[in-house]
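Asker: Sharing run20.cif here; it has mmCIF, N, CA and C atoms.
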```
data_upload
#
loop_
_atom_site.label_atom_id
_atom_site.label_comp_id
_atom_site.auth_asym_id
_atom_site.auth_seq_id
_atom_site.Cartn_x
_atom_site.Cartn_y
_atom_site.Cartn_z
N MET A 1 -66.09 -117.26 -34.40
CA MET A 1 -65.38 -116.01 -34.65
C MET A 1 -64.03 -116.00 -33.92
N LYS A 2 -63.97 -116.55 -32.69
CA LYS A 2 -62.71 -116.60 -31.95
C LYS A 2 -61.71 -117.49 -32.69
N LEU A 3 -62.17 -118.57 -33.28
CA LEU A 3 -61.30 -119.47 -34.01
C LEU A 3 -60.68 -118.75 -35.21
N LEU A 4 -61.45 -117.96 -35.92
CA LEU A 4 -60.97 -117.20 -37.06
C LEU A 4 -59.89 -116.21 -36.62
N ARG A 5 -60.08 -115.56 -35.50
CA ARG A 5 -59.09 -114.60 -34.99
C ARG A 5 -57.78 -115.30 -34.64
N LEU A 6 -57.84 -116.48 -34.07
CA LEU A 6 -56.63 -117.21 -33.71
C LEU A 6 -55.81 -117.57 -34.95
N PHE A 7 -56.50 -117.94 -36.03
CA PHE A 7 -55.79 -118.29 -37.26
C PHE A 7 -55.31 -117.04 -38.00
N ALA A 8 -56.00 -115.95 -37.87
CA ALA A 8 -55.62 -114.73 -38.57
C ALA A 8 -54.39 -114.07 -37.93
N LEU A 9 -54.23 -114.20 -36.63
CA LEU A 9 -53.13 -113.56 -35.93
C LEU A 9 -51.76 -114.02 -36.44
N PRO A 10 -51.49 -115.32 -36.58
CA PRO A 10 -50.18 -115.71 -37.11
C PRO A 10 -49.95 -115.17 -38.53
N GLY A 11 -50.98 -115.14 -39.34
CA GLY A 11 -50.84 -114.60 -40.69
C GLY A 11 -50.50 -113.13 -40.68
N LEU A 12 -51.15 -112.39 -39.81
CA LEU A 12 -50.87 -110.96 -39.67
C LEU A 12 -49.44 -110.74 -39.19
N MET A 13 -49.00 -111.54 -38.24
CA MET A 13 -47.63 -111.42 -37.73
C MET A 13 -46.62 -111.70 -38.84
N ALA A 14 -46.89 -112.70 -39.67
CA ALA A 14 -46.00 -113.03 -40.78
C ALA A 14 -45.91 -111.86 -41.75
N VAL A 15 -47.03 -111.23 -42.05
CA VAL A 15 -47.03 -110.08 -42.95
C VAL A 15 -46.23 -108.94 -42.36
N LEU A 16 -46.40 -108.66 -41.08
CA LEU A 16 -45.67 -107.58 -40.43
C LEU A 16 -44.17 -107.86 -40.39
N LEU A 17 -43.78 -109.08 -40.08
CA LEU A 17 -42.36 -109.43 -40.05
C LEU A 17 -41.75 -109.34 -41.44
N THR A 18 -42.47 -109.77 -42.45
CA THR A 18 -41.98 -109.68 -43.83
C THR A 18 -41.83 -108.22 -44.24
N ALA A 19 -42.78 -107.40 -43.89
CA ALA A 19 -42.71 -105.97 -44.24
C ALA A 19 -41.53 -105.31 -43.55
N THR A 20 -41.27 -105.68 -42.29
CA THR A 20 -40.13 -105.12 -41.56
C THR A 20 -38.82 -105.55 -42.21
N ALA A 21 -38.71 -106.81 -42.56
CA ALA A 21 -37.49 -107.31 -43.21
C ALA A 21 -37.29 -106.64 -44.56
N TRP A 22 -38.36 -106.46 -45.32
CA TRP A 22 -38.27 -105.83 -46.63
C TRP A 22 -37.82 -104.38 -46.49
N THR A 23 -38.38 -103.66 -45.52
CA THR A 23 -38.01 -102.26 -45.30
C THR A 23 -36.54 -102.16 -44.92
N THR A 24 -36.06 -103.06 -44.06
CA THR A 24 -34.66 -103.05 -43.65
C THR A 24 -33.75 -103.30 -44.83
N ALA A 25 -34.06 -104.28 -45.66
CA ALA A 25 -33.23 -104.59 -46.83
C ALA A 25 -33.34 -103.50 -47.88
N TYR A 26 -34.48 -102.87 -48.00
CA TYR A 26 -34.72 -101.87 -49.03
C TYR A 26 -33.83 -100.65 -48.85
N ALA A 27 -33.35 -100.39 -47.65
CA ALA A 27 -32.51 -99.22 -47.42
C ALA A 27 -31.24 -99.27 -48.26
N GLY A 28 -30.87 -100.42 -48.74
CA GLY A 28 -29.73 -100.54 -49.64
C GLY A 28 -28.40 -100.27 -48.96
N GLU A 29 -27.38 -100.11 -49.80
CA GLU A 29 -26.04 -99.86 -49.31
C GLU A 29 -25.82 -98.36 -49.14
N VAL A 30 -24.84 -98.03 -48.34
CA VAL A 30 -24.54 -96.62 -48.08
C VAL A 30 -23.56 -96.11 -49.14
N ASP A 31 -23.81 -94.90 -49.65
CA ASP A 31 -22.96 -94.27 -50.65
C ASP A 31 -22.17 -93.12 -50.05
N VAL A 32 -20.92 -93.00 -50.46
CA VAL A 32 -20.11 -91.83 -50.15
C VAL A 32 -20.33 -90.87 -51.31
N ILE A 33 -20.92 -89.71 -51.04
CA ILE A 33 -21.28 -88.80 -52.13
C ILE A 33 -20.36 -87.58 -52.24
N ASP A 34 -19.53 -87.33 -51.22
CA ASP A 34 -18.57 -86.23 -51.30
C ASP A 34 -17.49 -86.44 -50.26
N VAL A 35 -16.28 -85.99 -50.58
CA VAL A 35 -15.15 -86.04 -49.64
C VAL A 35 -14.32 -84.79 -49.84
N THR A 36 -13.88 -84.20 -48.73
CA THR A 36 -12.88 -83.14 -48.77
C THR A 36 -11.74 -83.56 -47.87
N ILE A 37 -10.57 -83.03 -48.15
CA ILE A 37 -9.39 -83.36 -47.34
C ILE A 37 -8.55 -82.12 -47.17
N GLU A 38 -8.06 -81.91 -45.96
CA GLU A 38 -7.20 -80.75 -45.71
C GLU A 38 -6.04 -81.15 -44.82
N SER A 39 -4.87 -80.62 -45.13
CA SER A 39 -3.68 -80.88 -44.33
C SER A 39 -3.78 -80.11 -43.01
N ILE A 40 -3.43 -80.78 -41.91
CA ILE A 40 -3.39 -80.10 -40.61
C ILE A 40 -1.98 -80.15 -40.03
N GLY A 41 -1.00 -80.52 -40.89
CA GLY A 41 0.40 -80.50 -40.50
C GLY A 41 0.95 -81.84 -40.07
N ASP A 42 2.27 -81.97 -40.22
CA ASP A 42 3.00 -83.17 -39.79
C ASP A 42 2.46 -84.47 -40.38
N GLY A 43 2.03 -84.43 -41.64
CA GLY A 43 1.54 -85.65 -42.29
C GLY A 43 0.15 -86.06 -41.86
N LYS A 44 -0.53 -85.18 -41.13
CA LYS A 44 -1.90 -85.48 -40.68
C LYS A 44 -2.90 -84.67 -41.50
N PHE A 45 -4.07 -85.28 -41.69
CA PHE A 45 -5.10 -84.67 -42.52
C PHE A 45 -6.46 -84.84 -41.86
N ARG A 46 -7.34 -83.90 -42.13
CA ARG A 46 -8.74 -84.03 -41.73
C ARG A 46 -9.51 -84.42 -42.99
N VAL A 47 -10.17 -85.57 -42.92
CA VAL A 47 -10.96 -86.07 -44.04
C VAL A 47 -12.43 -85.92 -43.64
N ASN A 48 -13.20 -85.22 -44.48
CA ASN A 48 -14.63 -85.03 -44.25
C ASN A 48 -15.38 -85.83 -45.31
N ALA A 49 -16.25 -86.73 -44.88
CA ALA A 49 -17.00 -87.56 -45.82
C ALA A 49 -18.49 -87.31 -45.65
N THR A 50 -19.17 -87.17 -46.78
CA THR A 50 -20.62 -87.02 -46.78
C THR A 50 -21.22 -88.34 -47.26
N LEU A 51 -22.11 -88.89 -46.44
CA LEU A 51 -22.73 -90.18 -46.73
C LEU A 51 -24.22 -90.00 -47.00
N ASN A 52 -24.75 -90.91 -47.81
CA ASN A 52 -26.19 -90.94 -48.05
C ASN A 52 -26.66 -92.39 -47.94
N HIS A 53 -27.69 -92.60 -47.11
CA HIS A 53 -28.22 -93.94 -46.88
C HIS A 53 -29.62 -93.79 -46.29
N ASP A 54 -30.49 -94.68 -46.66
CA ASP A 54 -31.85 -94.63 -46.11
C ASP A 54 -31.91 -95.37 -44.78
N ASP A 55 -31.22 -94.81 -43.78
CA ASP A 55 -31.25 -95.43 -42.45
C ASP A 55 -32.69 -95.66 -42.01
N THR A 56 -32.95 -96.86 -41.50
CA THR A 56 -34.30 -97.18 -41.02
C THR A 56 -34.37 -97.24 -39.50
N GLY A 57 -33.23 -97.13 -38.84
CA GLY A 57 -33.16 -97.24 -37.38
C GLY A 57 -32.01 -98.16 -37.01
N TRP A 58 -32.03 -98.68 -35.80
CA TRP A 58 -30.94 -99.51 -35.30
C TRP A 58 -30.77 -100.81 -36.09
N ASP A 59 -31.81 -101.27 -36.80
CA ASP A 59 -31.71 -102.50 -37.58
C ASP A 59 -30.88 -102.32 -38.85
N HIS A 60 -30.84 -101.11 -39.40
CA HIS A 60 -30.13 -100.88 -40.66
C HIS A 60 -29.72 -99.42 -40.76
N TYR A 61 -28.43 -99.18 -40.55
CA TYR A 61 -27.94 -97.80 -40.61
C TYR A 61 -26.48 -97.76 -41.03
N ALA A 62 -26.05 -96.62 -41.56
CA ALA A 62 -24.65 -96.39 -41.89
C ALA A 62 -23.88 -96.32 -40.58
N ASN A 63 -22.95 -97.27 -40.38
CA ASN A 63 -22.30 -97.35 -39.07
C ASN A 63 -20.79 -97.10 -39.08
N ARG A 64 -20.21 -96.87 -40.30
CA ARG A 64 -18.76 -96.66 -40.33
C ARG A 64 -18.35 -96.21 -41.73
N TRP A 65 -17.23 -95.49 -41.79
CA TRP A 65 -16.56 -95.27 -43.08
C TRP A 65 -15.06 -95.35 -42.88
N ASP A 66 -14.37 -95.76 -43.96
CA ASP A 66 -12.94 -96.03 -43.92
C ASP A 66 -12.19 -95.17 -44.92
N VAL A 67 -10.97 -94.82 -44.56
CA VAL A 67 -10.04 -94.13 -45.47
C VAL A 67 -9.00 -95.16 -45.89
N LEU A 68 -8.88 -95.37 -47.22
CA LEU A 68 -7.98 -96.39 -47.76
C LEU A 68 -6.90 -95.75 -48.62
N ASP A 69 -5.71 -96.38 -48.63
CA ASP A 69 -4.67 -95.94 -49.57
C ASP A 69 -4.89 -96.64 -50.92
N GLU A 70 -3.98 -96.40 -51.87
CA GLU A 70 -4.15 -96.96 -53.22
C GLU A 70 -4.14 -98.49 -53.25
N SER A 71 -3.53 -99.11 -52.24
CA SER A 71 -3.46 -100.58 -52.18
C SER A 71 -4.62 -101.19 -51.39
N GLY A 72 -5.50 -100.35 -50.87
CA GLY A 72 -6.63 -100.84 -50.10
C GLY A 72 -6.37 -100.99 -48.61
N ASN A 73 -5.20 -100.53 -48.17
CA ASN A 73 -4.89 -100.58 -46.73
C ASN A 73 -5.70 -99.50 -46.01
N VAL A 74 -6.21 -99.84 -44.84
CA VAL A 74 -7.01 -98.90 -44.06
C VAL A 74 -6.08 -97.95 -43.32
N LEU A 75 -6.24 -96.65 -43.60
CA LEU A 75 -5.45 -95.62 -42.94
C LEU A 75 -6.19 -95.01 -41.76
N GLY A 76 -7.51 -95.02 -41.82
CA GLY A 76 -8.33 -94.43 -40.76
C GLY A 76 -9.76 -94.93 -40.83
N VAL A 77 -10.43 -94.88 -39.69
CA VAL A 77 -11.81 -95.37 -39.58
C VAL A 77 -12.61 -94.35 -38.78
N ARG A 78 -13.82 -94.08 -39.24
CA ARG A 78 -14.75 -93.22 -38.49
C ARG A 78 -15.97 -94.06 -38.16
N GLU A 79 -16.11 -94.41 -36.89
CA GLU A 79 -17.28 -95.16 -36.42
C GLU A 79 -18.45 -94.20 -36.26
N LEU A 80 -19.63 -94.64 -36.62
CA LEU A 80 -20.85 -93.85 -36.47
C LEU A 80 -21.70 -94.54 -35.42
N ALA A 81 -21.95 -93.85 -34.33
CA ALA A 81 -22.49 -94.48 -33.13
C ALA A 81 -24.01 -94.67 -33.11
N HIS A 82 -24.71 -94.08 -34.08
CA HIS A 82 -26.17 -94.18 -34.04
C HIS A 82 -26.75 -93.95 -35.43
N PRO A 83 -27.99 -94.37 -35.66
CA PRO A 83 -28.64 -94.13 -36.95
C PRO A 83 -28.86 -92.63 -37.19
N HIS A 84 -28.92 -92.26 -38.46
CA HIS A 84 -29.18 -90.87 -38.85
C HIS A 84 -30.46 -90.81 -39.67
N VAL A 85 -31.53 -91.37 -39.13
CA VAL A 85 -32.83 -91.36 -39.79
C VAL A 85 -33.27 -89.90 -39.96
N ASN A 86 -33.74 -89.55 -41.13
CA ASN A 86 -34.20 -88.19 -41.46
C ASN A 86 -33.09 -87.14 -41.36
N GLU A 87 -31.83 -87.54 -41.45
CA GLU A 87 -30.70 -86.60 -41.41
C GLU A 87 -29.80 -86.77 -42.63
N MET A 88 -30.31 -87.22 -43.73
CA MET A 88 -29.49 -87.54 -44.89
C MET A 88 -29.50 -86.42 -45.93
N PRO A 89 -28.40 -86.24 -46.64
CA PRO A 89 -27.09 -86.80 -46.33
C PRO A 89 -26.48 -86.09 -45.12
N PHE A 90 -25.42 -86.69 -44.57
CA PHE A 90 -24.75 -86.07 -43.43
C PHE A 90 -23.24 -86.20 -43.61
N THR A 91 -22.50 -85.29 -42.96
CA THR A 91 -21.04 -85.24 -43.08
C THR A 91 -20.40 -85.40 -41.71
N ARG A 92 -19.35 -86.22 -41.66
CA ARG A 92 -18.55 -86.39 -40.45
C ARG A 92 -17.09 -86.37 -40.85
N SER A 93 -16.21 -86.15 -39.88
CA SER A 93 -14.78 -86.07 -40.19
C SER A 93 -13.97 -87.01 -39.32
N VAL A 94 -12.74 -87.26 -39.76
CA VAL A 94 -11.78 -88.05 -39.00
C VAL A 94 -10.39 -87.50 -39.31
N ARG A 95 -9.51 -87.53 -38.32
CA ARG A 95 -8.12 -87.15 -38.53
C ARG A 95 -7.33 -88.41 -38.79
N VAL A 96 -6.44 -88.33 -39.77
CA VAL A 96 -5.69 -89.52 -40.16
C VAL A 96 -4.29 -89.13 -40.62
N SER A 97 -3.32 -89.97 -40.30
CA SER A 97 -1.95 -89.80 -40.82
C SER A 97 -1.88 -90.47 -42.17
N ILE A 98 -1.34 -89.73 -43.15
CA ILE A 98 -1.22 -90.27 -44.51
C ILE A 98 0.23 -90.10 -44.95
N PRO A 99 0.91 -91.21 -45.22
CA PRO A 99 2.31 -91.12 -45.67
C PRO A 99 2.44 -90.31 -46.97
N ALA A 100 3.59 -89.66 -47.14
CA ALA A 100 3.83 -88.84 -48.32
C ALA A 100 3.77 -89.67 -49.61
N SER A 101 4.02 -90.95 -49.51
CA SER A 101 3.99 -91.82 -50.69
C SER A 101 2.57 -92.08 -51.21
N VAL A 102 1.57 -91.80 -50.37
CA VAL A 102 0.17 -92.02 -50.78
C VAL A 102 -0.33 -90.76 -51.47
N LYS A 103 -0.66 -90.90 -52.73
CA LYS A 103 -1.09 -89.75 -53.54
C LYS A 103 -2.60 -89.62 -53.63
N THR A 104 -3.33 -90.73 -53.44
CA THR A 104 -4.79 -90.75 -53.56
C THR A 104 -5.37 -91.62 -52.46
N ILE A 105 -6.48 -91.17 -51.89
CA ILE A 105 -7.21 -92.00 -50.93
C ILE A 105 -8.59 -92.32 -51.50
N THR A 106 -9.15 -93.39 -51.00
CA THR A 106 -10.53 -93.76 -51.32
C THR A 106 -11.29 -93.86 -50.01
N VAL A 107 -12.49 -93.32 -49.99
CA VAL A 107 -13.35 -93.44 -48.81
C VAL A 107 -14.48 -94.40 -49.19
N ARG A 108 -14.66 -95.42 -48.36
CA ARG A 108 -15.76 -96.37 -48.55
C ARG A 108 -16.58 -96.39 -47.26
N ALA A 109 -17.85 -96.70 -47.40
CA ALA A 109 -18.74 -96.70 -46.24
C ALA A 109 -19.26 -98.10 -45.97
N ASN A 110 -19.81 -98.28 -44.78
CA ASN A 110 -20.30 -99.57 -44.30
C ASN A 110 -21.66 -99.36 -43.66
N ASP A 111 -22.56 -100.32 -43.82
CA ASP A 111 -23.81 -100.26 -43.07
C ASP A 111 -24.01 -101.57 -42.31
N SER A 112 -24.91 -101.55 -41.37
CA SER A 112 -25.09 -102.66 -40.44
C SER A 112 -25.71 -103.91 -41.06
N VAL A 113 -26.19 -103.84 -42.30
CA VAL A 113 -26.77 -105.00 -42.97
C VAL A 113 -25.86 -105.51 -44.09
N HIS A 114 -25.40 -104.63 -44.97
CA HIS A 114 -24.66 -105.04 -46.16
C HIS A 114 -23.14 -105.01 -46.00
N ALA A 115 -22.64 -104.51 -44.89
CA ALA A 115 -21.21 -104.27 -44.70
C ALA A 115 -20.75 -103.23 -45.73
N THR A 116 -19.52 -103.36 -46.27
CA THR A 116 -19.07 -102.36 -47.23
C THR A 116 -19.78 -102.56 -48.56
N GLY A 117 -19.94 -101.48 -49.27
CA GLY A 117 -20.63 -101.53 -50.55
C GLY A 117 -21.08 -100.13 -50.91
N GLY A 118 -21.83 -100.02 -51.94
CA GLY A 118 -22.28 -98.70 -52.38
C GLY A 118 -21.15 -97.96 -53.06
N LYS A 119 -21.40 -96.68 -53.34
CA LYS A 119 -20.43 -95.86 -54.07
C LYS A 119 -19.29 -95.43 -53.15
N THR A 120 -18.08 -95.50 -53.69
CA THR A 120 -16.90 -95.01 -53.00
C THR A 120 -16.53 -93.65 -53.60
N PHE A 121 -15.56 -92.99 -52.99
CA PHE A 121 -15.14 -91.67 -53.47
C PHE A 121 -13.62 -91.61 -53.39
N GLU A 122 -12.98 -91.24 -54.49
CA GLU A 122 -11.53 -91.13 -54.56
C GLU A 122 -11.15 -89.66 -54.66
N ILE A 123 -10.06 -89.29 -53.94
CA ILE A 123 -9.61 -87.90 -53.95
C ILE A 123 -8.09 -87.86 -53.77
N ALA A 124 -7.46 -86.87 -54.40
CA ALA A 124 -6.02 -86.68 -54.27
C ALA A 124 -5.68 -86.13 -52.89
N VAL A 125 -4.53 -86.55 -52.39
CA VAL A 125 -4.06 -86.07 -51.08
C VAL A 125 -3.22 -84.81 -51.32
N PRO A 126 -3.58 -83.70 -50.67
CA PRO A 126 -2.84 -82.43 -50.88
C PRO A 126 -1.60 -82.32 -49.99
N HIS A 127 -0.61 -83.19 -50.26
CA HIS A 127 0.62 -83.11 -49.48
C HIS A 127 1.28 -81.75 -49.71
N PRO A 128 1.80 -81.14 -48.64
CA PRO A 128 2.47 -79.83 -48.80
C PRO A 128 3.71 -79.93 -49.65
#
```
So that I can check it, write out the structure of this file as structure tokens.
Answerer:
Amino acid sequence: MKLLRLFALPGLMAVLLTATAWTTAYAGEVDVIDVTIESIGDGKFRVNATLNHDDTGWDHYANRWDVLDESGNVLGVRELAHPHVNEMPFTRSVRVSIPASVKTITVRANDSVHATGGKTFEIAVPHP
């Protein structure tokens, strides 16, 4: 019986590790599901982004979102310091300078496993 237990333990560990890896990958990519933007003066704007992702914990979570101009240049970044398990969707904001020549921004999100991906969100910049 002890011999059977010794052989069963590695098999059980393999199943648990596979299940953990599958759960982490299953969370998929993070989606940007809503964005608002408001002018706060002098070419600066507050961008609020709502993200949705099946955060599983520190192994796989939405960890950043970026504000891009029409050419894909990064205008601003909002780092997310911790997982938001059971808090989805959630909204965070960032202040960013946007040149008057930029008419539209795109917000894309990043997660700790897939990097950038998922749905992006495009919105017009309300220059005064």
Asker: Residues near A:His82, anyone? I mean within 7 Å using all atoms listed in the file, not counting same-chain ones fewer than 5 positions away, as a VMD selection string.
Answerer: chain A and resid 57 to 58 61 to 63
Asker: Mind giving me the straight-line distance from atom CA of A:Asn86 to atom CA of A:Val74 in Å, one decimal?
Answerer: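 It comes out at 29.3 Å.
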Asker: Could you state the separation of atom CA of A:Val32 and atom CA of A:Gly118 in Å, given to one decimal place?
Answerer: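 Separation between atom CA of A:Val32 and atom CA of A:Gly118: 7.5 Å.
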Asker: Considering only C-alpha atoms, state which residue in the set A:Val67, A:Val113, A:Leu80, A:Val96 is at the smallest distance from A:Glu38.
Answerer: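 Going through A:Val67, A:Val113, A:Leu80, A:Val96 one by one, the smallest distance to A:Glu38 is for A:Val96.
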Asker: Can you tell me how far atom CA of A:Asn52 sits from atom N of A:Val125, in Å to one decimal?
Answerer: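 Separation of atom CA of A:Asn52 and atom N of A:Val125: 22.5 Å.
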Asker: Choose the residue, out of A:Arg108, A:Lys119, A:Arg95, A:Arg64, that has the smallest atom-to-atom separation from A:Gly76; count only C-alpha atoms.
Answerer: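 Looking only at the distances to A:Gly76, the closest residue turns out to be A:Arg95.
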Asker: I'd like to know which of A:His114, A:Arg46, A:Asp31, A:Asn73 is closest to A:Ser93, using all atoms listed in the file.
Answerer: A:Arg46
Asker: List the neighbours of A:His60 out to 6.5 Å using only N, CA and C atoms; skip same-chain residues closer than 3 positions along the sequence, and give me the result as a ChimeraX atom specification.
Answerer: /A:24,54-57,111-113
Asker: Give me the residues within 10 Å of A:Ser101 as a PyMOL selection string, counting only C-alpha atoms and dropping any in the same chain fewer than 5 places off.
Answerer: chain A and resi 69-70+125+127
Asker: Using the chain letters and numbering of this document, enumerate as a list in words the residues selected by the PyMOL selection byres (((chain A and resi 50 and name CA) around 10) and name CA).
Answerer: Asp31, Val32, Ile33, Asp34, Val35, Thr36, Asn48, Ala49, Leu51, Asn52, Trp65, Met88, Pro89, Phe90, Thr91, Arg92, Ser93, Val107, Ala109 and Phe121 of chain A
Asker: Would you mind telling me which residue in A:Leu75, A:Ala115, A:Ala81, A:Ala124 lies nearest to A:Val102 when using all atoms listed in the file?
Answerer: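 Among the listed residues, the smallest separation from A:Val102 belongs to A:Ala124.
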Asker: Given the choices A:Gly43, A:Pro128, A:Glu79, A:Ile37, which gets closest to A:Ile105 if the distance is worked out from only C-alpha atoms?
Answerer: A:Ile37
Asker: For a quick check of understanding, using all atoms listed in the file, which of A:Pro126, A:Val30, A:Ala100, A:Asn110 has the smallest distance to A:Asp66?
Answerer: A:Asn110
